[in-house]
Amino acid sequence: MNDSAVYDHSKIEANWKNKWFADNLYEAVDFSPKPKKFILAELPYPSGKYLHVGHMMRYTVPEIYSRYLRMKGFNVLFPMGWDSFGLPAETFALKSNSTPRKVLDQAIPEYKKSMMDMGYAIDWTREIDTSQPDFYKWTQWMFLKMWEAGLAEIKEMPVWWCQALGVLADEEVLTKPDGTRVSERDNHPVERKIFKQWVLKITKYADKMLDGLDKTQYTPSVKQAQVNWIGKKEGINITYKIVDDSGKDTKKTVTCFTTRPDTNFGATFVVIAPEHPLVEQITPKGQLGKVQKYVKDALNKSELQRTSEKTKSGIFTGTYALNTLTKTKMPIFVADYVLAQYGTGAVVGVPGHDKRDFEFAKHYGLPILRVVVGTDGDTTEITKVEQVQEESGKMINSGFLDEMDINKATDIMINYMEEKGYGEKHTTYKLRDQIWSRQRYWGEPIPLVYTKDNEIEPDYNLPLKLPELTPEVMSGRKDFPTLDQFQEFISTSDSKGREAKRETDTMPTWAGSNWYYIRYIDPKNTEEFANYDKLKYWLPVDKYYGDAGHTTAHLLYTRFWYKFLYDLGLVPHTEPIMYRMSGGLLLGEDNRKMSKSRPEFVVNPEDAVQNYGADAVRTYLAFIGPYDETYPWCTDGLKAIARFIKNAFSLKFKVKNNIKDTEVEKAYNKMVKTVTEMCEGFKMNTAVSQLMIFVNLLKKKDEIDIDIWKGFIRVLAPFAPFVAEELWQEINGFETWKKENSVHLASWPDYDKTKIADDTFQVPVQINGKVRAVIEVTKDISEDEVKAIAYKNENVKKFLNSQIPGKVIYIKEKILNIVL
RNA sequence: GGGCGAGUGGUGGAAUGGUAUACACGGCGGACUUAAAAUCCGCUGGCCGCAAGGCUAUAAGGGUUCGACUCCCUUCUCGCCCACCA
């Protein structure tokens with residue numbers, strides 16, 4: 001046997017890999033006349049020495065899809081890069097006793113090698129690295145644009161904070177099942193602290209982001225998640241006069257946001273958040289000490305304490321809000337169940353119709369009034385939380401609203417209050433401004449300068465580079481210094497040449513990820529972040545694949561950033577991404593999340609590729625199940641795929657010219673048709689099973705026609721690119737490698753519909769919906785003929801039992817159902 | 001508590017109104033082998049039956065339909081995201 005007789009995956013893969021990448025086979029061509037497809041997979045953040053098998057799970061299926069599209073005649077952009085700023089690299093560096101740059105410079109080539117070993121069809125000339133100055137220059141530039149537009153502000157904000165990592169964004173904090181909050185990275189306990197923070201005013205784009213959803217093809221659930229995250233609510237801000245114990249006007253007011261002003265006749269108290277500025281202003285001196293103590297305790301309470309408390313805590317301020325409708329005095333409380341950041345930070349308590357208010361009222365002995373009656377007609381006193389009515393009903397005990405449906409009453413009350421000047425219609429959002437600073441070293445420096453007069457000026461001399469972590473800087477340190485510890489970095493001059501100081505916060509982990517995908521389009525441009533005409537050619541992203549945890553917030557921020565660039569006329573469309581799908585998880589063989597604590601269940605992708613070949617690993621990851629679901633790794637499954645690849649390879653010895661086999665011909669055309677449909681539908685798992693069915697048939701044959709073989713190789717190519725290339729080169733007799741002869745630039749085969757059509761087909765015969773026989777009939781048979789054949793069938797006769805059929809349903813080529 | 005999604009053999013899954021369990025794993029039986037591995041062949045949802053065949057099964061219950069894993073309602077369970085959001 002010669003060399004080519006044995007399937008040796010290591011040899012085949014090493015050979016083709018080098019040739020492909022040397023010739024940049026998967027080049028994405030700017031302005032190609034072919035139609036474009038931009039297939040985007042979230043770039044990894046290197047946080048360890050090697051690529052994780054979970055990454056491969058995420059990338060393989062979209063990559064197969066991108067190969068399919070290329071063969072279908074599209075100019076495909078399937079790029080890759082490194083999201084390398086932020087905590088992951090810092091933590092990785094600290095663990096390695098090194099610096100972020102050094103560990104990245106080691107890890108990135110390893111990650112890249114793993115991707116090349118997998119044969120990923122990436123145009124590496126477009127590689128990006130978000131922590132390189134030529135990239136972050138533009139992140140800084142865009143931030144300055146935001147600042148110019150008034151969308152970047154410095155604000156006092158309560159933020160999550162932990163000793164080890166400093167300030168964290170909400171998204172970097174996880175809630176454990178017991179209610180405690182910890183940092184996403186390394187599980188440090190976190191607490192709430194007030195800090196000055198740069199924030200981006202994403203809320204200004206809330207409505208644009210809601211409206212833009214119509215322009216996308218997101219699935220309903222992705223759209224719904226965007227809508228929910230934005231959380232637009234229309235209601236009214238009602239302003240109440242505040243009086244003291246004796247009923248004297250204090251000249252102060254409290255404004256409460258509510259979506260349910262219809263229940264205002266049932267309002268019996270007001271609650272303000274501990275952080276609310278009114279706390280200090282309205283609390284009488286005698287009361288102030290006690291109230292301040294409550295506020296302090298509330299703010300310092302851990303999340304665990306807050307959520308584990310059975311009763312809602314609060315304290316009476318000693319003053320009252322006047323309910324103009326009922327002319328009653330509503331005591332004003334401070335309580336930590338009211339959030340400072342949502343609405344006005346003050347809530348009007350309607351205990352009969354809000355569960356939280358009910359619990360609070362019950363605990364403090366406040367009156368509970370019924371102003372809505374449900375379908376049960378119950379108008380008795382509300383004593384249990386189950387009786388609290390929230391969703392529907394009619395108004396009672398509510399003056400001019402009585403008998404009205406609650407929705408109508410809401411409208412009428414809003415108009416009434418506006419007319420009387422008690423309140424104003426108001427729209428509020430759950431969406432919060434995005435925190436844009438952190439007190440860490442490894443991030444984009446914020447290019448702003450504080451003058452002597454404490455004015456803020458932009459520094460357009462970009463990139464503003466991070467100071468280096470020299471051995472001198474690091475000597476005697478365990479953690480990285482923050483920028484305020486680099487004197488040379490801090491001191492600068494303002495636009496008038498006077499001494500000034502730099503901002504020492506850096507940008508958050510996700511700064512680069514808000515726009516990184518744009519840079520793939522023009523990664524080497526030094527004049528602008530990307531050439532507009534190139535953007536016009538490549539954008540929007542056709543499909544975006546990534547981690548399920550990034551489906552909502554990351555997508556929203558990406559859309560916000562893009563819409564901002566659009567408003568500046570810098571990008572060509574209003575929506576950057578047309579479609580989003582998130583991948584499931586790959587669990588260990590023990591059906592649990594792969595974890596370093598159970599190393600025996602952690603799959604090392606390098607080992608898998610070495611032992612079974614990249615083609616097998618790729619095809620296995622495609623075959624294992626639908627992209628968006630979660631399932632365990634199974635080594636036996638991988639072995640089976642390795643066997644399949646080997647079987648497919650061995651078929652080559654049977655290939656001959658001019659073999660006529662109608663069974664194979666039909667099966668081939670069916671296979672091409674279904675695999676094509678399944679690739680279109682992103683169902684790579686069933687596409688692989690179609691390939692298996694076809695190979696199982698070919699295995700039984702002694703000879704295979706060369707044209708069918710060539711077609712099969714092309715269909716196999718996106719899944720198992722190495723073996724496909726090997727077989728393709730061999731069958732075509734290409735002796736020396738030429739890029740244009742690659743199977744991966746060959747066209748996807750067509751199929752012949754006429755060869756698929758069966759002359760006969762099977763019709764199940766049902767009696768009362770149960771299959772009693774299957775009859776074989778010819779193609780253009782009439783309904784009557786089908787019936788005649790069916791009635792002759794012994795089993796059908798048996799079940800008809802000489803009865804006369806009442807109704808007979810015949811669906812052509814599908815089914816015959818006889819109803820007795 | 002809210003939103004979204006899912007529940008099908010021993011396992012991963014297939015079928016989105018028309019023969020439920022494709023494809024694959026695992027298991028069982030057999031061939032080859034001194035033996036094992038590898039490979040190949042056969043069987044494999046459950047129950048009854050020698051067989052033909054029958055009954056039964058897609059989380060549970062109900063409904064629509066000639067026909068339901070698929071559509072609708074109720075309940076349960078799991079996953080993800082959000083969560084004292086007024």
# chains A, B, ... in the order shown; residues from 1 in each chain; ligands from 1

call {"tool": "select_by_dssp", "arguments": {"residues": "range 279-506 of chain A", "states": "alpha helix (DSSP H)", "output": "PyMOL selection string"}}
result
chain A and resi 279-282+285-300+303-308+355-364+406-420+471-474+487-490

call {"tool": "residues_around", "arguments": {"residues": "range 458-472 of chain A", "least_positions_apart": "3", "cutoff": "6 Å", "atoms": "only C-alpha atoms (C1' of nucleotides)", "output": "list in words"}}
result
Pro133, Lys137, Pro447, Leu448 and Ser475 of chain A

call {"tool": "interface_residues", "arguments": {"of": "chain B", "to": "chain A", "cutoff": "8 Å", "atoms": "only C-alpha atoms (C1' of nucleotides)", "output": "ChimeraX atom specification"}}
result
/B:3-4,12-14,18-19,23-25,66-67,80-82,84-86

call {"tool": "write_last_selection", "arguments": {"atoms": "N, CA, C and O atoms (P, O5', C5', C4', C3', O3' and C1' of nucleotides)", "output": "CSV table (one decimal), in the first residue's frame"}}
result
chain,number,residue,atom,x,y,z
B,3,G,P,-44.5,36.9,32.9
B,3,G,O5',-43.2,37.1,32.0
B,3,G,C5',-43.1,38.3,31.2
B,3,G,C4',-41.8,38.2,30.5
B,3,G,C3',-41.6,36.9,29.6
B,3,G,O3',-42.2,37.0,28.4
B,3,G,C1',-39.6,37.3,30.9
B,4,C,P,-42.8,35.7,27.7
B,4,C,O5',-41.5,35.0,27.2
B,4,C,C5',-40.7,35.5,26.2
B,4,C,C4',-39.4,34.8,26.1
B,4,C,C3',-39.5,33.3,25.7
B,4,C,O3',-39.8,33.0,24.4
B,4,C,C1',-38.0,33.5,27.5
B,12,G,P,-29.9,12.3,27.2
B,12,G,O5',-29.1,12.6,25.9
B,12,G,C5',-27.8,13.3,26.0
B,12,G,C4',-27.3,13.6,24.7
B,12,G,C3',-28.2,14.3,23.8
B,12,G,O3',-28.3,15.7,24.1
B,12,G,C1',-27.1,12.6,22.6
B,13,G,P,-29.6,16.5,23.7
B,13,G,O5',-29.6,16.5,22.1
B,13,G,C5',-30.8,16.5,21.3
B,13,G,C4',-30.5,15.8,20.0
B,13,G,C3',-31.6,15.7,19.0
B,13,G,O3',-31.4,16.8,18.1
B,13,G,C1',-31.0,13.5,19.6
B,14,A,P,-32.6,17.5,17.4
B,14,A,O5',-33.2,16.3,16.5
B,14,A,C5',-32.6,15.9,15.3
B,14,A,C4',-33.4,15.0,14.5
B,14,A,C3',-34.8,15.4,14.0
B,14,A,O3',-34.7,16.3,13.0
B,14,A,C1',-34.8,13.2,14.7
B,18,G,P,-46.9,16.8,9.6
B,18,G,O5',-47.4,15.3,9.3
B,18,G,C5',-47.8,14.5,10.3
B,18,G,C4',-48.3,13.2,9.8
B,18,G,C3',-47.6,12.7,8.5
B,18,G,O3',-47.6,11.3,8.6
B,18,G,C1',-49.9,13.1,8.0
B,19,U,P,-46.4,10.6,9.2
B,19,U,O5',-46.8,9.1,9.0
B,19,U,C5',-48.0,8.6,9.6
B,19,U,C4',-47.7,7.2,10.1
B,19,U,C3',-46.5,7.1,11.1
B,19,U,O3',-46.8,6.1,12.0
B,19,U,C1',-46.1,5.7,9.2
B,23,C,P,-31.3,5.2,10.6
B,23,C,O5',-30.2,6.3,11.0
B,23,C,C5',-29.5,7.1,10.0
B,23,C,C4',-28.6,8.1,10.7
B,23,C,C3',-27.7,7.5,11.7
B,23,C,O3',-26.5,6.9,11.1
B,23,C,C1',-28.7,9.4,12.6
B,24,A,P,-25.9,5.6,11.7
B,24,A,O5',-25.4,6.1,13.1
B,24,A,C5',-24.2,6.9,13.2
B,24,A,C4',-24.0,7.4,14.6
B,24,A,C3',-23.8,6.4,15.7
B,24,A,O3',-22.5,5.9,15.7
B,24,A,C1',-25.3,8.1,16.4
B,25,C,P,-22.3,4.5,16.4
B,25,C,O5',-22.4,4.8,18.0
B,25,C,C5',-21.4,5.7,18.6
B,25,C,C4',-21.8,6.0,20.0
B,25,C,C3',-21.9,4.8,21.0
B,25,C,O3',-20.6,4.4,21.4
B,25,C,C1',-23.8,6.2,21.3
B,66,C,P,-62.9,16.7,12.0
B,66,C,O5',-62.2,15.3,11.9
B,66,C,C5',-62.9,14.1,12.0
B,66,C,C4',-62.0,13.0,11.6
B,66,C,C3',-60.7,12.9,12.3
B,66,C,O3',-60.8,12.3,13.6
B,66,C,C1',-60.4,12.6,10.0
B,67,G,P,-60.0,13.0,14.7
B,67,G,O5',-58.5,12.8,14.3
B,67,G,C5',-58.0,11.5,14.3
B,67,G,C4',-56.6,11.5,13.8
B,67,G,C3',-55.6,12.5,14.5
B,67,G,O3',-55.1,11.9,15.6
B,67,G,C1',-55.4,12.7,12.1
B,80,C,P,-29.0,27.5,34.4
B,80,C,O5',-29.2,28.7,33.4
B,80,C,C5',-28.5,28.7,32.2
B,80,C,C4',-29.1,29.8,31.3
B,80,C,C3',-29.3,31.2,31.8
B,80,C,O3',-28.0,31.9,31.8
B,80,C,C1',-31.3,30.5,30.9
B,81,C,P,-27.7,32.9,32.9
B,81,C,O5',-28.6,34.1,32.6
B,81,C,C5',-28.4,34.9,31.4
B,81,C,C4',-29.5,35.8,31.2
B,81,C,C3',-29.8,36.8,32.3
B,81,C,O3',-28.9,37.9,32.3
B,81,C,C1',-31.9,35.8,31.6
B,82,C,P,-28.5,38.5,33.8
B,82,C,O5',-29.9,39.2,34.3
B,82,C,C5',-30.4,40.3,33.6
B,82,C,C4',-31.8,40.6,34.1
B,82,C,C3',-31.9,41.0,35.5
B,82,C,O3',-31.4,42.3,35.8
B,82,C,C1',-33.7,39.6,34.9
B,84,C,P,-34.1,43.7,42.8
B,84,C,O5',-35.6,44.0,43.4
B,84,C,C5',-36.6,43.0,43.5
B,84,C,C4',-37.9,43.5,44.0
B,84,C,C3',-38.1,45.0,43.7
B,84,C,O3',-39.5,45.3,43.5
B,84,C,C1',-38.1,44.6,46.1
B,85,C,P,-40.2,45.0,42.1
B,85,C,O5',-39.7,46.2,41.2
B,85,C,C5',-40.3,47.5,41.3
B,85,C,C4',-40.2,48.2,40.0
B,85,C,C3',-40.6,47.5,38.8
B,85,C,O3',-41.1,48.4,37.9
B,85,C,C1',-38.3,48.0,38.6
B,86,A,P,-42.5,48.2,37.3
B,86,A,O5',-43.5,48.7,38.4
B,86,A,C5',-44.0,50.0,38.5
B,86,A,C4',-44.6,50.2,39.8
B,86,A,C3',-44.9,51.7,40.1
B,86,A,O3',-46.2,52.1,39.5
B,86,A,C1',-43.8,50.8,41.9

call {"tool": "closest_residue", "arguments": {"among": "B:G53, B:G61, B:G45, B:G79", "to": "G9 in chain B", "atoms": "only C-alpha atoms (C1' of nucleotides)"}}
result
B:G45

call {"tool": "closest_residue", "arguments": {"among": "B:C43, B:C69, B:A60, B:C78", "to": "G17 in chain B", "atoms": "only C-alpha atoms (C1' of nucleotides)"}}
result
B:C69

call {"tool": "residues_around", "arguments": {"residues": "G30 in chain B", "least_positions_apart": "4", "cutoff": "12 Å", "atoms": "only C-alpha atoms (C1' of nucleotides)", "output": "PDB file with N, CA, C and O atoms (P, O5', C5', C4', C3', O3' and C1' of nucleotides), in the first residue's frame"}}
result
ATOM      1  P     C B  40     -16.915  -1.643  10.719  1.00  0.00           P
ATOM      2  O5'   C B  40     -17.562  -3.008  10.228  1.00  0.00           O
ATOM      3  C5'   C B  40     -17.293  -3.498   8.919  1.00  0.00           C
ATOM      4  C4'   C B  40     -17.752  -4.917   8.815  1.00  0.00           C
ATOM      5  C3'   C B  40     -19.210  -5.153   9.199  1.00  0.00           C
ATOM      6  O3'   C B  40     -20.084  -4.809   8.150  1.00  0.00           O
ATOM      7  C1'   C B  40     -17.871  -6.791  10.235  1.00  0.00           C
ATOM      8  P     C B  41     -21.519  -4.234   8.483  1.00  0.00           P
ATOM      9  O5'   C B  41     -22.318  -5.562   8.843  1.00  0.00           O
ATOM     10  C5'   C B  41     -22.593  -6.542   7.844  1.00  0.00           C
ATOM     11  C4'   C B  41     -23.270  -7.727   8.489  1.00  0.00           C
ATOM     12  C3'   C B  41     -24.511  -7.384   9.313  1.00  0.00           C
ATOM     13  O3'   C B  41     -25.652  -7.175   8.499  1.00  0.00           O
ATOM     14  C1'   C B  41     -23.153  -8.866  10.536  1.00  0.00           C
ATOM     15  P     G B  42     -26.771  -6.158   8.958  1.00  0.00           P
ATOM     16  O5'   G B  42     -27.521  -6.952  10.113  1.00  0.00           O
ATOM     17  C5'   G B  42     -28.301  -8.101   9.798  1.00  0.00           C
ATOM     18  C4'   G B  42     -28.727  -8.775  11.073  1.00  0.00           C
ATOM     19  C3'   G B  42     -29.547  -7.910  12.029  1.00  0.00           C
ATOM     20  O3'   G B  42     -30.901  -7.828  11.630  1.00  0.00           O
ATOM     21  C1'   G B  42     -27.902  -9.069  13.255  1.00  0.00           C
ATOM     22  P     C B  43     -31.762  -6.526  11.994  1.00  0.00           P
ATOM     23  O5'   C B  43     -32.038  -6.719  13.557  1.00  0.00           O
ATOM     24  C5'   C B  43     -32.865  -7.792  14.006  1.00  0.00           C
ATOM     25  C4'   C B  43     -32.831  -7.844  15.516  1.00  0.00           C
ATOM     26  C3'   C B  43     -33.230  -6.553  16.225  1.00  0.00           C
ATOM     27  O3'   C B  43     -34.629  -6.400  16.269  1.00  0.00           O
ATOM     28  C1'   C B  43     -31.276  -7.396  17.223  1.00  0.00           C
TER      29        C B  43
END

call {"tool": "atom_distance", "arguments": {"atom1": "CA of Val182 in chain A", "atom2": "CA of Ala553 in chain A"}}
result
19.0 Å

call {"tool": "residues_around", "arguments": {"residues": "Asp505 in chain A", "least_positions_apart": "2", "cutoff": "6 Å", "atoms": "only C-alpha atoms (C1' of nucleotides)", "output": "JSON, numbers by chain"}}
result
{"A": [437, 438, 439, 503]}

call {"tool": "residues_around", "arguments": {"residues": "G63 in chain B", "least_positions_apart": "2", "cutoff": "12 Å", "atoms": "only C-alpha atoms (C1' of nucleotides)", "output": "list in words"}}
result
G61, U65, A68, C71, C72, C73 and U74 of chain B

call {"tool": "atom_distance", "arguments": {"atom1": "CA of Phe269 in chain A", "atom2": "CA of Asp245 in chain A"}}
result
14.1 Å

call {"tool": "residues_around", "arguments": {"residues": "Glu403 in chain A", "least_positions_apart": "3", "cutoff": "8 Å", "atoms": "only C-alpha atoms (C1' of nucleotides)", "output": "PyMOL selection string"}}
result
chain A and resi 394-396

call {"tool": "write_last_selection", "arguments": {"atoms": "N, CA and C atoms", "output": "compact mmCIF listing (two decimals), in the first residue's frame"}}
result
# COMPACT_ATOMS: atom_id res chain seq x y z
N LYS A 394 -62.49 46.29 38.58
CA LYS A 394 -63.26 47.54 38.50
C LYS A 394 -62.98 48.37 39.74
N MET A 395 -63.11 49.69 39.59
CA MET A 395 -62.80 50.59 40.69
C MET A 395 -63.97 50.65 41.69
N ILE A 396 -63.61 50.70 42.98
CA ILE A 396 -64.60 51.05 44.01
C ILE A 396 -63.93 51.99 45.01

call {"tool": "decode", "arguments": {"residues": "range 43-57 of chain B", "atoms": "N, CA and C atoms (P, O5', C5', C4', C3', O3' and C1' of nucleotides)", "output": "PDB file, in the first residue's frame"}}
result
ATOM      1  P     C B  43     -31.762  -6.526  11.994  1.00  0.00           P
ATOM      2  O5'   C B  43     -32.038  -6.719  13.557  1.00  0.00           O
ATOM      3  C5'   C B  43     -32.865  -7.792  14.006  1.00  0.00           C
ATOM      4  C4'   C B  43     -32.831  -7.844  15.516  1.00  0.00           C
ATOM      5  C3'   C B  43     -33.230  -6.553  16.225  1.00  0.00           C
ATOM      6  O3'   C B  43     -34.629  -6.400  16.269  1.00  0.00           O
ATOM      7  C1'   C B  43     -31.276  -7.396  17.223  1.00  0.00           C
ATOM      8  P     U B  44     -35.243  -4.920  16.118  1.00  0.00           P
ATOM      9  O5'   U B  44     -34.854  -4.286  17.528  1.00  0.00           O
ATOM     10  C5'   U B  44     -35.364  -4.843  18.744  1.00  0.00           C
ATOM     11  C4'   U B  44     -34.687  -4.179  19.920  1.00  0.00           C
ATOM     12  C3'   U B  44     -34.776  -2.656  19.927  1.00  0.00           C
ATOM     13  O3'   U B  44     -36.029  -2.221  20.432  1.00  0.00           O
ATOM     14  C1'   U B  44     -32.568  -3.322  20.444  1.00  0.00           C
ATOM     15  P     G B  45     -36.785  -1.001  19.719  1.00  0.00           P
ATOM     16  O5'   G B  45     -37.288  -0.187  20.990  1.00  0.00           O
ATOM     17  C5'   G B  45     -36.336   0.402  21.859  1.00  0.00           C
ATOM     18  C4'   G B  45     -37.031   0.903  23.100  1.00  0.00           C
ATOM     19  C3'   G B  45     -37.925  -0.131  23.777  1.00  0.00           C
ATOM     20  O3'   G B  45     -37.168  -0.984  24.607  1.00  0.00           O
ATOM     21  C1'   G B  45     -39.108   1.904  23.549  1.00  0.00           C
ATOM     22  P     G B  46     -37.719  -2.468  24.872  1.00  0.00           P
ATOM     23  O5'   G B  46     -39.034  -2.201  25.734  1.00  0.00           O
ATOM     24  C5'   G B  46     -38.938  -1.757  27.092  1.00  0.00           C
ATOM     25  C4'   G B  46     -40.325  -1.667  27.672  1.00  0.00           C
ATOM     26  C3'   G B  46     -41.137  -2.961  27.567  1.00  0.00           C
ATOM     27  O3'   G B  46     -40.828  -3.840  28.620  1.00  0.00           O
ATOM     28  C1'   G B  46     -42.447  -1.167  26.805  1.00  0.00           C
ATOM     29  P     C B  47     -40.894  -5.385  28.341  1.00  0.00           P
ATOM     30  O5'   C B  47     -42.464  -5.669  28.276  1.00  0.00           O
ATOM     31  C5'   C B  47     -43.281  -5.462  29.419  1.00  0.00           C
ATOM     32  C4'   C B  47     -44.739  -5.621  29.051  1.00  0.00           C
ATOM     33  C3'   C B  47     -45.096  -6.924  28.343  1.00  0.00           C
ATOM     34  O3'   C B  47     -45.211  -8.007  29.235  1.00  0.00           O
ATOM     35  C1'   C B  47     -46.118  -5.141  27.208  1.00  0.00           C
ATOM     36  P     C B  48     -44.822  -9.465  28.693  1.00  0.00           P
ATOM     37  O5'   C B  48     -46.028  -9.800  27.702  1.00  0.00           O
ATOM     38  C5'   C B  48     -47.343 -10.008  28.217  1.00  0.00           C
ATOM     39  C4'   C B  48     -48.297 -10.311  27.088  1.00  0.00           C
ATOM     40  C3'   C B  48     -47.881 -11.439  26.151  1.00  0.00           C
ATOM     41  O3'   C B  48     -48.076 -12.718  26.711  1.00  0.00           O
ATOM     42  C1'   C B  48     -48.739  -9.650  24.889  1.00  0.00           C
ATOM     43  P     G B  49     -47.105 -13.908  26.268  1.00  0.00           P
ATOM     44  O5'   G B  49     -47.404 -14.068  24.728  1.00  0.00           O
ATOM     45  C5'   G B  49     -48.602 -14.698  24.267  1.00  0.00           C
ATOM     46  C4'   G B  49     -48.601 -14.718  22.765  1.00  0.00           C
ATOM     47  C3'   G B  49     -47.376 -15.377  22.123  1.00  0.00           C
ATOM     48  O3'   G B  49     -47.439 -16.782  22.158  1.00  0.00           O
ATOM     49  C1'   G B  49     -47.860 -13.347  21.005  1.00  0.00           C
ATOM     50  P     C B  50     -46.087 -17.560  22.411  1.00  0.00           P
ATOM     51  O5'   C B  50     -45.144 -17.212  21.187  1.00  0.00           O
ATOM     52  C5'   C B  50     -43.791 -17.695  21.117  1.00  0.00           C
ATOM     53  C4'   C B  50     -43.452 -18.141  19.713  1.00  0.00           C
ATOM     54  C3'   C B  50     -43.759 -17.123  18.631  1.00  0.00           C
ATOM     55  O3'   C B  50     -42.674 -16.235  18.449  1.00  0.00           O
ATOM     56  C1'   C B  50     -44.606 -19.250  17.997  1.00  0.00           C
ATOM     57  P     A B  51     -42.952 -14.670  18.153  1.00  0.00           P
ATOM     58  O5'   A B  51     -43.684 -14.720  16.741  1.00  0.00           O
ATOM     59  C5'   A B  51     -42.924 -14.854  15.542  1.00  0.00           C
ATOM     60  C4'   A B  51     -43.839 -15.208  14.396  1.00  0.00           C
ATOM     61  C3'   A B  51     -44.714 -14.070  13.895  1.00  0.00           C
ATOM     62  O3'   A B  51     -44.031 -13.349  12.889  1.00  0.00           O
ATOM     63  C1'   A B  51     -46.037 -16.015  14.235  1.00  0.00           C
ATOM     64  P     A B  52     -44.284 -11.775  12.660  1.00  0.00           P
ATOM     65  O5'   A B  52     -45.748 -11.747  12.030  1.00  0.00           O
ATOM     66  C5'   A B  52     -45.944 -12.005  10.639  1.00  0.00           C
ATOM     67  C4'   A B  52     -47.408 -12.142  10.350  1.00  0.00           C
ATOM     68  C3'   A B  52     -48.252 -10.911  10.695  1.00  0.00           C
ATOM     69  O3'   A B  52     -48.248  -9.962   9.649  1.00  0.00           O
ATOM     70  C1'   A B  52     -49.263 -12.823  11.620  1.00  0.00           C
ATOM     71  P     G B  53     -47.864  -8.461   9.897  1.00  0.00           P
ATOM     72  O5'   G B  53     -48.722  -8.067  11.174  1.00  0.00           O
ATOM     73  C5'   G B  53     -50.087  -7.750  11.061  1.00  0.00           C
ATOM     74  C4'   G B  53     -50.807  -8.191  12.296  1.00  0.00           C
ATOM     75  C3'   G B  53     -50.970  -7.134  13.381  1.00  0.00           C
ATOM     76  O3'   G B  53     -52.021  -6.243  13.075  1.00  0.00           O
ATOM     77  C1'   G B  53     -50.290  -9.151  14.382  1.00  0.00           C
ATOM     78  P     G B  54     -51.990  -4.767  13.616  1.00  0.00           P
ATOM     79  O5'   G B  54     -52.374  -4.984  15.151  1.00  0.00           O
ATOM     80  C5'   G B  54     -53.690  -5.428  15.485  1.00  0.00           C
ATOM     81  C4'   G B  54     -53.731  -5.770  16.948  1.00  0.00           C
ATOM     82  C3'   G B  54     -53.492  -4.599  17.888  1.00  0.00           C
ATOM     83  O3'   G B  54     -54.679  -3.846  18.037  1.00  0.00           O
ATOM     84  C1'   G B  54     -52.235  -6.458  18.612  1.00  0.00           C
ATOM     85  P     C B  55     -54.586  -2.297  18.201  1.00  0.00           P
ATOM     86  O5'   C B  55     -54.118  -2.208  19.720  1.00  0.00           O
ATOM     87  C5'   C B  55     -55.023  -2.596  20.767  1.00  0.00           C
ATOM     88  C4'   C B  55     -54.276  -2.647  22.074  1.00  0.00           C
ATOM     89  C3'   C B  55     -53.606  -1.338  22.497  1.00  0.00           C
ATOM     90  O3'   C B  55     -54.538  -0.436  23.058  1.00  0.00           O
ATOM     91  C1'   C B  55     -52.095  -3.112  22.824  1.00  0.00           C
ATOM     92  P     U B  56     -54.364   1.116  22.728  1.00  0.00           P
ATOM     93  O5'   U B  56     -53.011   1.437  23.525  1.00  0.00           O
ATOM     94  C5'   U B  56     -52.969   1.347  24.960  1.00  0.00           C
ATOM     95  C4'   U B  56     -51.542   1.494  25.445  1.00  0.00           C
ATOM     96  C3'   U B  56     -50.845   2.775  25.020  1.00  0.00           C
ATOM     97  O3'   U B  56     -51.239   3.879  25.809  1.00  0.00           O
ATOM     98  C1'   U B  56     -49.392   0.945  24.679  1.00  0.00           C
ATOM     99  P     A B  57     -51.196   5.331  25.133  1.00  0.00           P
ATOM    100  O5'   A B  57     -49.639   5.673  25.230  1.00  0.00           O
ATOM    101  C5'   A B  57     -49.049   5.908  26.510  1.00  0.00           C
ATOM    102  C4'   A B  57     -47.561   6.025  26.351  1.00  0.00           C
ATOM    103  C3'   A B  57     -47.100   7.157  25.449  1.00  0.00           C
ATOM    104  O3'   A B  57     -47.107   8.380  26.138  1.00  0.00           O
ATOM    105  C1'   A B  57     -45.904   5.197  24.939  1.00  0.00           C
TER     106        A B  57
END
